[in-house]
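S.K.: Sharing input_16.pdb (PDB, C-alpha atoms) below.
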```
ATOM      1  CA  MET A 223      61.642 -16.710 -38.703
ATOM      2  CA  ASP A 224      61.773 -14.380 -35.704
ATOM      3  CA  PHE A 225      61.925 -15.416 -32.048
ATOM      4  CA  GLY A 226      60.592 -13.926 -28.850
ATOM      5  CA  LEU A 227      60.384 -14.509 -25.101
ATOM      6  CA  GLY A 228      57.164 -14.635 -23.100
ATOM      7  CA  LEU A 229      54.821 -14.538 -21.422
ATOM      8  CA  LEU A 230      56.039 -12.507 -18.467
ATOM      9  CA  SER A 231      53.146 -12.698 -16.004
ATOM     10  CA  ALA A 232      54.797 -11.720 -12.661
ATOM     11  CA  GLN A 233      52.816 -14.393 -10.824
ATOM     12  CA  ARG A 234      53.626 -15.111  -7.201
ATOM     13  CA  TRP A 235      54.424 -18.780  -6.555
ATOM     14  CA  PRO A 236      52.799 -20.074  -3.324
ATOM     15  CA  GLY A 237      55.158 -19.264  -0.453
ATOM     16  CA  ASP A 238      57.222 -16.775  -2.458
ATOM     17  CA  ASP A 239      58.022 -14.028   0.057
ATOM     18  CA  ARG A 240      59.608 -11.606  -2.392
ATOM     19  CA  SER A 241      58.209  -8.093  -2.579
ATOM     20  CA  ALA A 242      56.211  -6.971  -5.601
ATOM     21  CA  GLY A 243      59.184  -4.787  -6.483
ATOM     22  CA  GLU A 244      61.487  -7.806  -6.586
ATOM     23  CA  ILE A 245      59.089  -9.818  -8.730
ATOM     24  CA  TYR A 246      58.688  -6.980 -11.221
ATOM     25  CA  GLY A 247      62.410  -6.381 -11.108
ATOM     26  CA  GLU A 248      62.796  -9.968 -12.295
ATOM     27  CA  VAL A 249      60.507  -9.171 -15.236
ATOM     28  CA  LEU A 250      62.845  -6.355 -16.269
ATOM     29  CA  ASP A 251      65.900  -8.587 -15.817
ATOM     30  CA  LEU A 252      64.357 -11.225 -18.080
ATOM     31  CA  GLY A 253      63.516  -8.619 -20.709
ATOM     32  CA  GLN A 254      67.095  -7.390 -20.680
ATOM     33  CA  ALA A 255      68.347 -10.973 -20.909
ATOM     34  CA  ALA A 256      66.146 -11.613 -23.943
ATOM     35  CA  GLU A 257      67.678  -8.608 -25.684
ATOM     36  CA  GLU A 258      71.224  -9.619 -24.738
ATOM     37  CA  ALA A 259      70.517 -13.124 -26.069
ATOM     38  CA  GLY A 260      69.585 -11.657 -29.441
ATOM     39  CA  LEU A 261      65.891 -12.523 -29.324
ATOM     40  CA  ASP A 262      63.569 -10.339 -31.359
ATOM     41  CA  SER A 263      60.745  -9.673 -28.901
ATOM     42  CA  VAL A 264      59.635  -9.847 -25.275
ATOM     43  CA  TRP A 265      55.989 -10.329 -24.275
ATOM     44  CA  THR A 266      53.937  -9.487 -21.217
ATOM     45  CA  SER A 267      50.610 -11.057 -20.293
ATOM     46  CA  GLU A 268      47.557  -9.754 -18.409
ATOM     47  CA  HIS A 269      44.896 -10.850 -15.927
ATOM     48  CA  HIS A 270      43.153  -9.157 -13.012
ATOM     49  CA  PHE A 271      41.906  -9.914  -9.478
ATOM     50  CA  THR A 272      43.784 -13.213  -9.157
ATOM     51  CA  ASP A 273      45.046 -14.810  -5.968
ATOM     52  CA  ASP A 274      48.615 -15.017  -7.292
ATOM     53  CA  GLU A 275      48.888 -11.363  -8.357
ATOM     54  CA  TYR A 276      49.084 -12.104 -12.092
ATOM     55  CA  LEU A 277      50.413  -9.075 -13.972
ATOM     56  CA  SER A 278      47.619  -6.527 -14.363
ATOM     57  CA  GLY A 279      49.501  -3.357 -15.370
ATOM     58  CA  THR A 280      50.445  -4.139 -18.956
ATOM     59  CA  MET A 281      51.090  -0.590 -20.114
ATOM     60  CA  PRO A 282      53.284   0.451 -17.136
ATOM     61  CA  THR A 283      55.276  -2.778 -17.443
ATOM     62  CA  LEU A 284      55.884  -2.258 -21.156
ATOM     63  CA  GLY A 285      56.921   1.312 -20.376
ATOM     64  CA  ALA A 286      59.440   0.044 -17.833
ATOM     65  CA  LEU A 287      60.742  -2.511 -20.339
ATOM     66  CA  ALA A 288      61.144   0.304 -22.854
ATOM     67  CA  GLY A 289      63.492   2.028 -20.415
ATOM     68  CA  ALA A 290      65.359  -1.155 -19.546
ATOM     69  CA  THR A 291      66.082  -2.194 -23.154
ATOM     70  CA  ASP A 292      67.318  -0.580 -26.352
ATOM     71  CA  GLU A 293      66.318  -2.584 -29.408
ATOM     72  CA  ILE A 294      64.032  -5.522 -28.674
ATOM     73  CA  GLU A 295      60.379  -5.465 -29.776
ATOM     74  CA  LEU A 296      57.994  -4.937 -26.838
ATOM     75  CA  ALA A 297      54.671  -6.740 -27.054
ATOM     76  CA  SER A 298      51.534  -7.361 -25.030
ATOM     77  CA  GLY A 299      50.353 -10.931 -25.239
ATOM     78  CA  VAL A 300      47.605  -9.893 -24.764
ATOM     79  CA  ALA A 301      46.003  -6.763 -23.322
ATOM     80  CA  LEU A 302      42.348  -7.341 -22.429
ATOM     81  CA  THR A 303      40.737  -4.638 -24.535
ATOM     82  CA  PRO A 304      37.241  -4.343 -22.999
ATOM     83  CA  PHE A 305      38.741  -3.196 -19.694
ATOM     84  CA  TYR A 306      40.521  -0.199 -21.235
ATOM     85  CA  ASP A 307      39.230   3.236 -22.019
ATOM     86  CA  PRO A 308      40.127   3.216 -25.733
ATOM     87  CA  VAL A 309      41.323   6.839 -25.759
ATOM     88  CA  ARG A 310      43.651   6.288 -22.808
ATOM     89  CA  LEU A 311      44.847   3.063 -24.440
ATOM     90  CA  ALA A 312      45.660   5.000 -27.611
ATOM     91  CA  GLU A 313      47.572   7.619 -25.600
ATOM     92  CA  ASP A 314      49.440   5.118 -23.437
ATOM     93  CA  ALA A 315      50.401   2.865 -26.351
ATOM     94  CA  ALA A 316      51.619   5.831 -28.397
ATOM     95  CA  THR A 317      53.644   7.050 -25.405
ATOM     96  CA  ILE A 318      55.337   3.666 -24.946
ATOM     97  CA  ASP A 319      56.013   3.566 -28.671
ATOM     98  CA  ALA A 320      57.652   6.997 -28.482
ATOM     99  CA  LEU A 321      59.712   6.141 -25.394
ATOM    100  CA  SER A 322      60.926   2.905 -27.005
ATOM    101  CA  GLY A 323      61.754   4.377 -30.400
ATOM    102  CA  GLY A 324      58.901   2.650 -32.210
ATOM    103  CA  ARG A 325      59.285  -0.820 -30.676
ATOM    104  CA  LEU A 326      55.726  -1.504 -29.491
ATOM    105  CA  THR A 327      53.498  -4.272 -30.823
ATOM    106  CA  LEU A 328      50.062  -4.006 -29.232
ATOM    107  CA  GLY A 329      48.498  -7.427 -28.743
ATOM    108  CA  LEU A 330      44.808  -7.309 -27.855
ATOM    109  CA  SER A 331      41.999  -9.741 -27.131
ATOM    110  CA  ILE A 332      38.358  -9.721 -26.064
ATOM    111  CA  GLY A 333      38.892 -11.427 -22.656
ATOM    112  CA  TYR A 334      36.984 -14.386 -21.274
ATOM    113  CA  LEU A 335      36.975 -14.543 -17.456
ATOM    114  CA  ASP A 336      33.589 -13.709 -15.935
ATOM    115  CA  PHE A 337      34.999 -12.300 -12.688
ATOM    116  CA  GLU A 338      37.140  -9.807 -14.599
ATOM    117  CA  PHE A 339      34.122  -8.435 -16.456
ATOM    118  CA  GLU A 340      32.073  -8.322 -13.254
ATOM    119  CA  ASN A 341      34.747  -6.467 -11.286
ATOM    120  CA  PHE A 342      35.353  -3.941 -14.053
ATOM    121  CA  GLY A 343      31.602  -3.417 -14.448
ATOM    122  CA  VAL A 344      31.762  -4.285 -18.136
ATOM    123  CA  SER A 345      29.165  -6.477 -19.805
ATOM    124  CA  LYS A 346      30.739  -9.608 -21.246
ATOM    125  CA  ASP A 347      28.120  -9.460 -23.989
ATOM    126  CA  GLU A 348      29.812  -6.291 -25.260
ATOM    127  CA  ARG A 349      33.348  -7.648 -25.374
ATOM    128  CA  THR A 350      33.496  -8.137 -29.154
ATOM    129  CA  GLU A 351      31.960  -4.751 -29.937
ATOM    130  CA  ARG A 352      34.212  -2.998 -27.423
ATOM    131  CA  THR A 353      37.324  -4.598 -28.918
ATOM    132  CA  GLU A 354      36.392  -3.761 -32.496
ATOM    133  CA  ASP A 355      35.521  -0.194 -31.502
ATOM    134  CA  ALA A 356      38.854   0.173 -29.707
ATOM    135  CA  VAL A 357      40.845  -1.067 -32.709
ATOM    136  CA  ARG A 358      39.103   1.389 -35.020
ATOM    137  CA  LEU A 359      39.669   4.233 -32.555
ATOM    138  CA  LEU A 360      43.352   3.311 -32.139
ATOM    139  CA  ARG A 361      43.923   3.379 -35.892
ATOM    140  CA  ASN A 362      42.397   6.841 -36.196
ATOM    141  CA  ALA A 363      43.967   8.221 -33.004
ATOM    142  CA  TRP A 364      47.474   7.387 -34.220
ATOM    143  CA  GLU A 365      47.073   9.422 -37.405
ATOM    144  CA  PRO A 366      47.911  13.164 -37.424
ATOM    145  CA  GLY A 367      45.055  15.582 -36.936
ATOM    146  CA  PRO A 368      41.506  15.185 -35.596
ATOM    147  CA  LEU A 369      40.275  11.778 -34.503
ATOM    148  CA  GLU A 370      37.502  11.668 -37.129
ATOM    149  CA  TYR A 371      35.886   8.703 -35.425
ATOM    150  CA  ASP A 372      32.682   8.496 -33.420
ATOM    151  CA  SER A 373      33.331   5.876 -30.747
ATOM    152  CA  GLU A 374      30.417   3.802 -29.501
ATOM    153  CA  PHE A 375      31.950   3.405 -26.032
ATOM    154  CA  HIS A 376      33.758   6.701 -25.393
ATOM    155  CA  PRO A 377      32.071  10.107 -25.690
ATOM    156  CA  ILE A 378      34.896  11.900 -27.461
ATOM    157  CA  SER A 379      34.470  14.517 -30.150
ATOM    158  CA  PRO A 380      35.610  13.417 -33.620
ATOM    159  CA  ASP A 381      37.317  16.832 -33.766
ATOM    160  CA  ALA A 382      39.597  16.012 -30.809
ATOM    161  CA  GLU A 383      43.286  15.343 -31.442
ATOM    162  CA  VAL A 384      44.754  12.396 -29.534
ATOM    163  CA  THR A 385      48.481  12.696 -28.833
ATOM    164  CA  PRO A 386      51.287  11.781 -29.057
ATOM    165  CA  THR A 387      51.214  10.871 -32.728
ATOM    166  CA  PRO A 388      53.526   7.919 -33.498
ATOM    167  CA  ASP A 389      56.022   8.268 -36.326
ATOM    168  CA  GLU A 390      54.657   4.915 -37.500
ATOM    169  CA  PRO A 391      51.524   3.437 -35.886
ATOM    170  CA  PRO A 392      52.253   0.381 -33.714
ATOM    171  CA  GLU A 393      51.200  -2.949 -35.119
ATOM    172  CA  VAL A 394      47.944  -4.276 -33.663
ATOM    173  CA  VAL A 395      47.920  -8.048 -33.138
ATOM    174  CA  LEU A 396      44.761  -9.869 -32.097
ATOM    175  CA  GLY A 397      44.839 -12.986 -29.959
ATOM    176  CA  ALA A 398      42.175 -15.496 -30.935
ATOM    177  CA  VAL A 399      41.264 -19.181 -30.939
ATOM    178  CA  ALA A 400      37.684 -19.459 -32.244
ATOM    179  CA  LYS A 401      37.087 -19.149 -35.983
ATOM    180  CA  PRO A 402      35.128 -15.836 -35.868
ATOM    181  CA  ALA A 403      37.807 -14.260 -33.665
ATOM    182  CA  VAL A 404      40.624 -15.480 -35.922
ATOM    183  CA  ARG A 405      38.817 -14.003 -38.918
ATOM    184  CA  ARG A 406      38.470 -10.744 -36.971
ATOM    185  CA  ALA A 407      42.256 -10.751 -36.643
ATOM    186  CA  ALA A 408      42.539 -11.301 -40.393
ATOM    187  CA  ARG A 409      40.280  -8.340 -41.148
ATOM    188  CA  MET A 410      41.284  -5.863 -38.445
ATOM    189  CA  GLY A 411      44.791  -6.772 -37.312
ATOM    190  CA  ASP A 412      48.373  -6.626 -38.490
ATOM    191  CA  GLY A 413      48.868 -10.082 -37.025
ATOM    192  CA  TRP A 414      47.349 -12.988 -35.162
ATOM    193  CA  CYS A 415      48.608 -14.369 -31.830
ATOM    194  CA  ALA A 416      48.184 -18.153 -31.368
ATOM    195  CA  ASN A 417      48.507 -19.343 -27.778
ATOM    196  CA  GLU A 418      50.111 -22.521 -26.472
ATOM    197  CA  MET A 419      46.835 -24.470 -26.376
ATOM    198  CA  LEU A 420      46.721 -24.685 -30.172
ATOM    199  CA  SER A 421      48.506 -27.545 -31.891
ATOM    200  CA  ILE A 422      50.685 -27.000 -34.941
ATOM    201  CA  GLU A 423      47.817 -28.382 -37.038
ATOM    202  CA  ASP A 424      45.383 -25.953 -35.403
ATOM    203  CA  ILE A 425      47.653 -23.017 -36.153
ATOM    204  CA  GLU A 426      48.236 -24.145 -39.728
ATOM    205  CA  HIS A 427      44.490 -24.468 -40.356
ATOM    206  CA  ARG A 428      43.776 -21.013 -38.935
ATOM    207  CA  LYS A 429      46.725 -19.415 -40.727
ATOM    208  CA  ASN A 430      45.450 -20.781 -44.035
ATOM    209  CA  ASP A 431      41.987 -19.426 -43.239
ATOM    210  CA  ILE A 432      43.441 -15.984 -42.463
ATOM    211  CA  GLU A 433      45.295 -15.928 -45.783
ATOM    212  CA  ARG A 434      42.126 -16.958 -47.622
ATOM    213  CA  VAL A 435      40.015 -14.267 -45.942
ATOM    214  CA  ARG A 436      42.549 -11.532 -46.644
ATOM    215  CA  GLU A 437      42.890 -12.588 -50.274
ATOM    216  CA  GLU A 438      39.139 -12.849 -50.860
ATOM    217  CA  GLU A 439      38.472  -9.455 -49.272
ATOM    218  CA  GLY A 440      41.419  -7.719 -50.917
ATOM    219  CA  ILE A 441      43.181  -6.854 -47.663
ATOM    220  CA  GLY A 442      46.787  -5.910 -48.357
ATOM    221  CA  GLY A 443      49.823  -5.217 -46.211
ATOM    222  CA  GLU A 444      52.032  -7.422 -44.103
ATOM    223  CA  PHE A 445      50.466  -9.833 -41.634
ATOM    224  CA  THR A 446      52.359 -11.808 -38.989
ATOM    225  CA  THR A 447      51.413 -15.023 -37.208
ATOM    226  CA  TYR A 448      52.820 -15.263 -33.672
ATOM    227  CA  ALA A 449      53.018 -18.769 -32.216
ATOM    228  CA  ILE A 450      53.558 -19.084 -28.461
ATOM    229  CA  GLN A 451      54.704 -22.344 -26.868
ATOM    230  CA  TYR A 452      56.279 -23.439 -23.592
ATOM    231  CA  ALA A 453      59.959 -24.248 -24.054
ATOM    232  CA  PHE A 454      62.922 -24.856 -21.784
ATOM    233  CA  VAL A 455      66.562 -25.730 -22.499
ATOM    234  CA  GLY A 456      68.700 -27.948 -20.266
ATOM    235  CA  ASP A 457      71.513 -30.456 -20.508
ATOM    236  CA  SER A 458      68.946 -33.244 -20.904
ATOM    237  CA  TYR A 459      65.242 -33.726 -21.432
ATOM    238  CA  GLU A 460      64.830 -34.856 -17.841
ATOM    239  CA  GLU A 461      66.586 -31.810 -16.408
ATOM    240  CA  ALA A 462      64.705 -29.303 -18.554
ATOM    241  CA  TRP A 463      61.338 -30.909 -17.900
ATOM    242  CA  GLU A 464      61.903 -31.105 -14.156
ATOM    243  CA  THR A 465      62.721 -27.380 -14.070
ATOM    244  CA  LEU A 466      59.673 -26.307 -16.077
ATOM    245  CA  ARG A 467      57.105 -28.902 -14.987
ATOM    246  CA  ASP A 468      55.736 -27.614 -11.671
ATOM    247  CA  GLY A 469      55.382 -23.985 -12.728
ATOM    248  CA  TYR A 470      53.905 -25.009 -16.079
ATOM    249  CA  PHE A 471      51.313 -27.271 -14.458
ATOM    250  CA  TYR A 472      50.566 -24.602 -11.854
ATOM    251  CA  GLN A 473      49.923 -22.028 -14.561
ATOM    252  CA  GLN A 474      47.658 -24.321 -16.583
ATOM    253  CA  ARG A 475      45.752 -25.306 -13.438
ATOM    254  CA  LYS A 476      45.214 -21.653 -12.588
ATOM    255  CA  TYR A 477      43.894 -20.861 -16.071
ATOM    256  CA  GLN A 478      41.382 -23.683 -15.691
ATOM    257  CA  GLU A 479      40.423 -22.604 -12.167
ATOM    258  CA  TRP A 480      39.773 -19.034 -13.208
ATOM    259  CA  GLY A 481      37.789 -20.085 -16.264
ATOM    260  CA  GLY A 482      35.621 -22.466 -14.248
ATOM    261  CA  GLU A 483      35.620 -20.254 -11.133
ATOM    262  CA  GLU A 484      36.256 -23.207  -8.814
ATOM    263  CA  ALA A 485      39.385 -24.606  -7.208
ATOM    264  CA  ILE A 486      41.262 -27.444  -8.910
ATOM    265  CA  ASP A 487      43.586 -29.385  -6.640
ATOM    266  CA  GLU A 488      45.400 -31.286  -9.369
ATOM    267  CA  LEU A 489      45.455 -31.689 -13.130
ATOM    268  CA  SER A 490      44.446 -35.108 -14.378
ATOM    269  CA  ASP A 491      47.118 -37.536 -15.558
ATOM    270  CA  GLU A 492      45.745 -37.185 -19.088
ATOM    271  CA  GLN A 493      46.064 -33.410 -18.946
ATOM    272  CA  LYS A 494      49.599 -33.607 -17.608
ATOM    273  CA  GLU A 495      50.579 -35.967 -20.402
ATOM    274  CA  GLU A 496      49.019 -33.704 -23.018
ATOM    275  CA  PHE A 497      50.741 -30.602 -21.654
ATOM    276  CA  GLU A 498      54.095 -32.384 -21.537
ATOM    277  CA  GLU A 499      53.736 -33.484 -25.158
ATOM    278  CA  ARG A 500      53.101 -29.892 -26.256
ATOM    279  CA  ALA A 501      56.088 -28.318 -24.493
ATOM    280  CA  LEU A 502      59.418 -28.035 -26.302
ATOM    281  CA  VAL A 503      61.894 -29.111 -23.650
ATOM    282  CA  GLY A 504      65.263 -30.794 -23.513
ATOM    283  CA  THR A 505      68.661 -30.173 -25.025
ATOM    284  CA  PRO A 506      69.171 -27.391 -27.570
ATOM    285  CA  GLU A 507      68.882 -30.044 -30.266
ATOM    286  CA  ASP A 508      65.530 -31.179 -28.866
ATOM    287  CA  VAL A 509      64.141 -27.650 -28.878
ATOM    288  CA  VAL A 510      65.463 -26.958 -32.385
ATOM    289  CA  GLU A 511      63.753 -30.134 -33.601
ATOM    290  CA  GLY A 512      60.483 -29.003 -32.022
ATOM    291  CA  VAL A 513      60.603 -25.544 -33.594
ATOM    292  CA  GLU A 514      61.474 -27.033 -36.985
ATOM    293  CA  LYS A 515      58.084 -28.776 -36.936
ATOM    294  CA  TYR A 516      56.445 -25.357 -36.706
ATOM    295  CA  ARG A 517      58.588 -24.110 -39.571
ATOM    296  CA  GLU A 518      57.732 -27.103 -41.759
ATOM    297  CA  ALA A 519      54.010 -26.548 -41.266
ATOM    298  CA  LEU A 520      53.836 -22.764 -41.143
ATOM    299  CA  GLY A 521      56.801 -21.509 -43.140
ATOM    300  CA  ASP A 522      59.496 -18.991 -42.275
ATOM    301  CA  ASP A 523      57.179 -15.999 -41.927
ATOM    302  CA  VAL A 524      56.185 -16.914 -38.364
ATOM    303  CA  HIS A 525      57.291 -15.203 -35.161
ATOM    304  CA  PHE A 526      57.850 -17.976 -32.618
ATOM    305  CA  VAL A 527      57.636 -16.989 -28.949
ATOM    306  CA  PHE A 528      59.450 -19.258 -26.473
ATOM    307  CA  ARG A 529      57.659 -19.501 -23.138
ATOM    308  CA  PRO A 530      60.140 -20.668 -20.474
ATOM    309  CA  TYR A 531      58.712 -18.336 -17.836
ATOM    310  CA  ALA A 532      56.483 -19.888 -15.178
ATOM    311  CA  PRO A 533      56.132 -19.032 -11.480
ATOM    312  CA  GLY A 534      58.410 -20.916  -9.120
ATOM    313  CA  ILE A 535      61.376 -21.248 -11.464
ATOM    314  CA  ASP A 536      64.562 -19.776 -10.030
ATOM    315  CA  THR A 537      65.623 -16.534 -11.715
ATOM    316  CA  GLU A 538      69.116 -17.808 -12.452
ATOM    317  CA  GLU A 539      67.700 -20.895 -14.157
ATOM    318  CA  LEU A 540      65.473 -18.687 -16.299
ATOM    319  CA  LEU A 541      68.372 -16.425 -17.218
ATOM    320  CA  GLU A 542      70.526 -19.422 -18.168
ATOM    321  CA  CYS A 543      67.715 -20.832 -20.297
ATOM    322  CA  ILE A 544      67.269 -17.520 -22.124
ATOM    323  CA  GLU A 545      71.007 -17.310 -22.772
ATOM    324  CA  ARG A 546      71.038 -20.828 -24.188
ATOM    325  CA  LEU A 547      68.021 -20.095 -26.390
ATOM    326  CA  GLY A 548      69.971 -17.189 -27.860
ATOM    327  CA  GLU A 549      73.315 -18.966 -28.185
ATOM    328  CA  GLU A 550      72.435 -22.601 -28.855
ATOM    329  CA  VAL A 551      68.912 -22.706 -30.333
ATOM    330  CA  VAL A 552      68.148 -19.655 -32.438
ATOM    331  CA  PRO A 553      71.424 -19.731 -34.469
ATOM    332  CA  ARG A 554      70.550 -23.252 -35.636
ATOM    333  CA  LEU A 555      67.179 -22.069 -36.870
TER     334      LEU A 555
END
```
Could you rewrite the structure in this file as structure tokens?

M.R.:
Amino acid sequence: MDFGLGLLSAQRWPGDDRSAGEIYGEVLDLGQAAEEAGLDSVWTSEHHFTDDEYLSGTMPTLGALAGATDEIELASGVALTPFYDPVRLAEDAATIDALSGGRLTLGLSIGYLDFEFENFGVSKDERTERTEDAVRLLRNAWEPGPLEYDSEFHPISPDAEVTPTPDEPPEVVLGAVAKPAVRRAARMGDGWCANEMLSIEDIEHRKNDIERVREEEGIGGEFTTYAIQYAFVGDSYEEAWETLRDGYFYQQRKYQEWGGEEAIDELSDEQKEEFEERALVGTPEDVVEGVEKYREALGDDVHFVFRPYAPGIDTEELLECIERLGEEVVPRL
């Protein structure tokens, strides 16, 4: 079982007067801390046109993390594929992979927020086709020689050579929740990214479906399931939960606001209770016990991504949590 840190979203907590440079500097500090703690990966996130300045520049941020770290896997969780020119995405991803010594995992998804599609001038009806086209183009672009692919959404000659050429193509991981999208990950991806809204039972069901699809269709090669869940380590459950709670609820409220395109003043009591039950918080022993439930259901071949990062949490508290994940949680797993 491998372990990562995410999702670094660079959101600005209401009233936070830090500069953008300071907020993004924190992102780099947390990536370095994850590597020093011995974690296997660090993950960015992506959204656009939000009132809290959610991280939009996935590729530049991963490039900066490549320069700030030496060994840790760098991953996008997830880049919103329809908003990228697929040729530029191929070039940028290959460049980050080269700068990092082959450490990039490219997580992609089809996107879902209406205002993002509207502001990029991209039809939401095309999001699936654009994502599938991009994945096919990426695969071909990262091989030596001519592209040999006729893209539906980019007028590039199949004779063109896209560079740089990676020594080994980055893994492409698809984020998905709905059954057709999960099966797309099974057919087209090197892995599937399961977000924090899915229960262990949900992930298990989808993982089994992925394995069945790949077996039935004769798809070989390694395939990784990435499970992301909020987690925070403290000296007690109460302390850990108090530190994570407000930022966690803020983030979930924002996701709901953006999806519904209307303001939400407060999560319901039922929602708060549900979110609290999902999070892995408390002492190192509490967090270990929570992760063990994932292992029991999903096996050892899962990459578990701890999500302690939420806006409003003090940087020093985040750094201490990451250190404790590395020293007091992961060794027991």

S.K.: Step by step, gather every atom of range 311-318 of chain A that the file lists, find the box along x, y and z that holds them, add 6 Å on each side, and finally give centre and edge lengths in Å to one decimal, as JSON.

M.R.:
```
{"center_x": 50.1, "center_y": 5.2, "center_z": -25.9, "size_x": 22.5, "size_y": 16.8, "size_z": 17.0}
```

S.K.: Nearest residue to Tyr531 in chain A out of A:Leu502, A:Leu277, A:Met223, A:Leu230, using only C-alpha atoms?

M.R.: A:Leu230

S.K.: For the structure provided, state which residues fall under the PyMOL selection byres ((chain A and resi 455) around 8), and present them as number ranges by chain.

M.R.: A: 453-454, 456-457, 462, 503-506, 509, 543, 546-547

S.K.: Write the residues of the selection above to a file with C-alpha atoms, as a compact mmCIF listing (two decimals), in the coordinates of the input.

M.R.:
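Listing of selection31.txt after writing:
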```txt
# COMPACT_ATOMS: atom_id res chain seq x y z
CA ALA A 453 59.96 -24.25 -24.05
CA PHE A 454 62.92 -24.86 -21.78
CA GLY A 456 68.70 -27.95 -20.27
CA ASP A 457 71.51 -30.46 -20.51
CA ALA A 462 64.70 -29.30 -18.55
CA VAL A 503 61.89 -29.11 -23.65
CA GLY A 504 65.26 -30.79 -23.51
CA THR A 505 68.66 -30.17 -25.02
CA PRO A 506 69.17 -27.39 -27.57
CA VAL A 509 64.14 -27.65 -28.88
CA CYS A 543 67.72 -20.83 -20.30
CA ARG A 546 71.04 -20.83 -24.19
CA LEU A 547 68.02 -20.10 -26.39
```

S.K.: Can you tell me which residues surround Arg436 in chain A at a distance of at most 7 Å, considering all atoms listed in the file, apart from same-chain residues fewer than 4 positions away, and format the answer as a ChimeraX atom specification?

M.R.: /A:408-409,432,440-441

S.K.: Pick out the closest residue to Asn362 in chain A from this set: A:Ala312, A:Ala288, A:Leu250, A:Val264. Count all atoms listed in the file.

M.R.: A:Ala312

S.K.: Which residues, written as a PyMOL selection string, have at least one atom at most 12 Å from Ala416 in chain A, with all atoms listed in the file counted and residues fewer than 3 positions away on the same chain left out?

M.R.: chain A and resi 299-300+329-331+395-400+403-404+407+413+419-429+446-451+524-527

S.K.: What is the distance, in Å and to one decimal place, between CA of Glu549 in chain A and CA of Ala259 in chain A?

M.R.: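 CA of Ala259 in chain A lies 6.8 Å from CA of Glu549 in chain A.
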
S.K.: Name the residues that the PyMOL selection byres ((chain A and resi 368-380) around 9) picks from the file above, as a list in words, using the file's chain letters and numbers.

M.R.: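 When the PyMOL selection byres ((chain A and resi 368-380) around 9) is applied, the selected residues are Asp307, Pro308, Val309, Glu351, Arg352, Asp355, Ala356, Arg358, Leu359, Asn362, Ala363, Trp364, Glu365, Pro366, Gly367, Asp381, Ala382, Glu383 and Val384 of chain A.
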
S.K.: Given the file shown, enumerate the residues that the PyMOL selection byres ((chain A and resi 340-349) around 10) captures and present them as a list in words.

M.R.: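 The output of the PyMOL selection byres ((chain A and resi 340-349) around 10) on this file is His270, Phe271, Leu302, Thr303, Pro304, Phe305, Tyr306, Ser331, Ile332, Gly333, Tyr334, Leu335, Asp336, Phe337, Glu338, Phe339, Thr350, Glu351, Arg352, Thr353, Glu354, Asp355 and Phe375 of chain A.
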
S.K.: Which residues are close to Gln493 in chain A, i.e. within 10 Å by all atoms listed in the file, leaving aside same-chain residues fewer than 6 positions away? Reply as a CSV table (one decimal) with C-alpha atoms, in the coordinates of the input.

M.R.:
```csv
chain,number,residue,atom,x,y,z
A,471,PHE,CA,51.3,-27.3,-14.5
A,474,GLN,CA,47.7,-24.3,-16.6
A,475,ARG,CA,45.8,-25.3,-13.4
A,499,GLU,CA,53.7,-33.5,-25.2
```

S.K.: Pick out the closest residue to Glu439 in chain A from this set: A:Arg234, A:His269, A:Arg310, A:Arg405. Count only C-alpha atoms.

M.R.: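 Distance minimum relative to Glu439 in chain A lands on A:Arg405.
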
S.K.: Let me make sure I understand: among A:Leu466, A:Val394, A:Val357, A:Leu321, which one has the smallest atom-to-atom distance to Ile535 in chain A if we use all atoms listed in the file?

M.R.: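 Using all atoms listed in the file, Ile535 in chain A sits closest to A:Leu466.
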
S.K.: Grab the CA of Leu328 in chain A to CA of Pro392 in chain A distance for me, in Å with one decimal place.

M.R.: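 Interatomic distance here is 6.6 Å.
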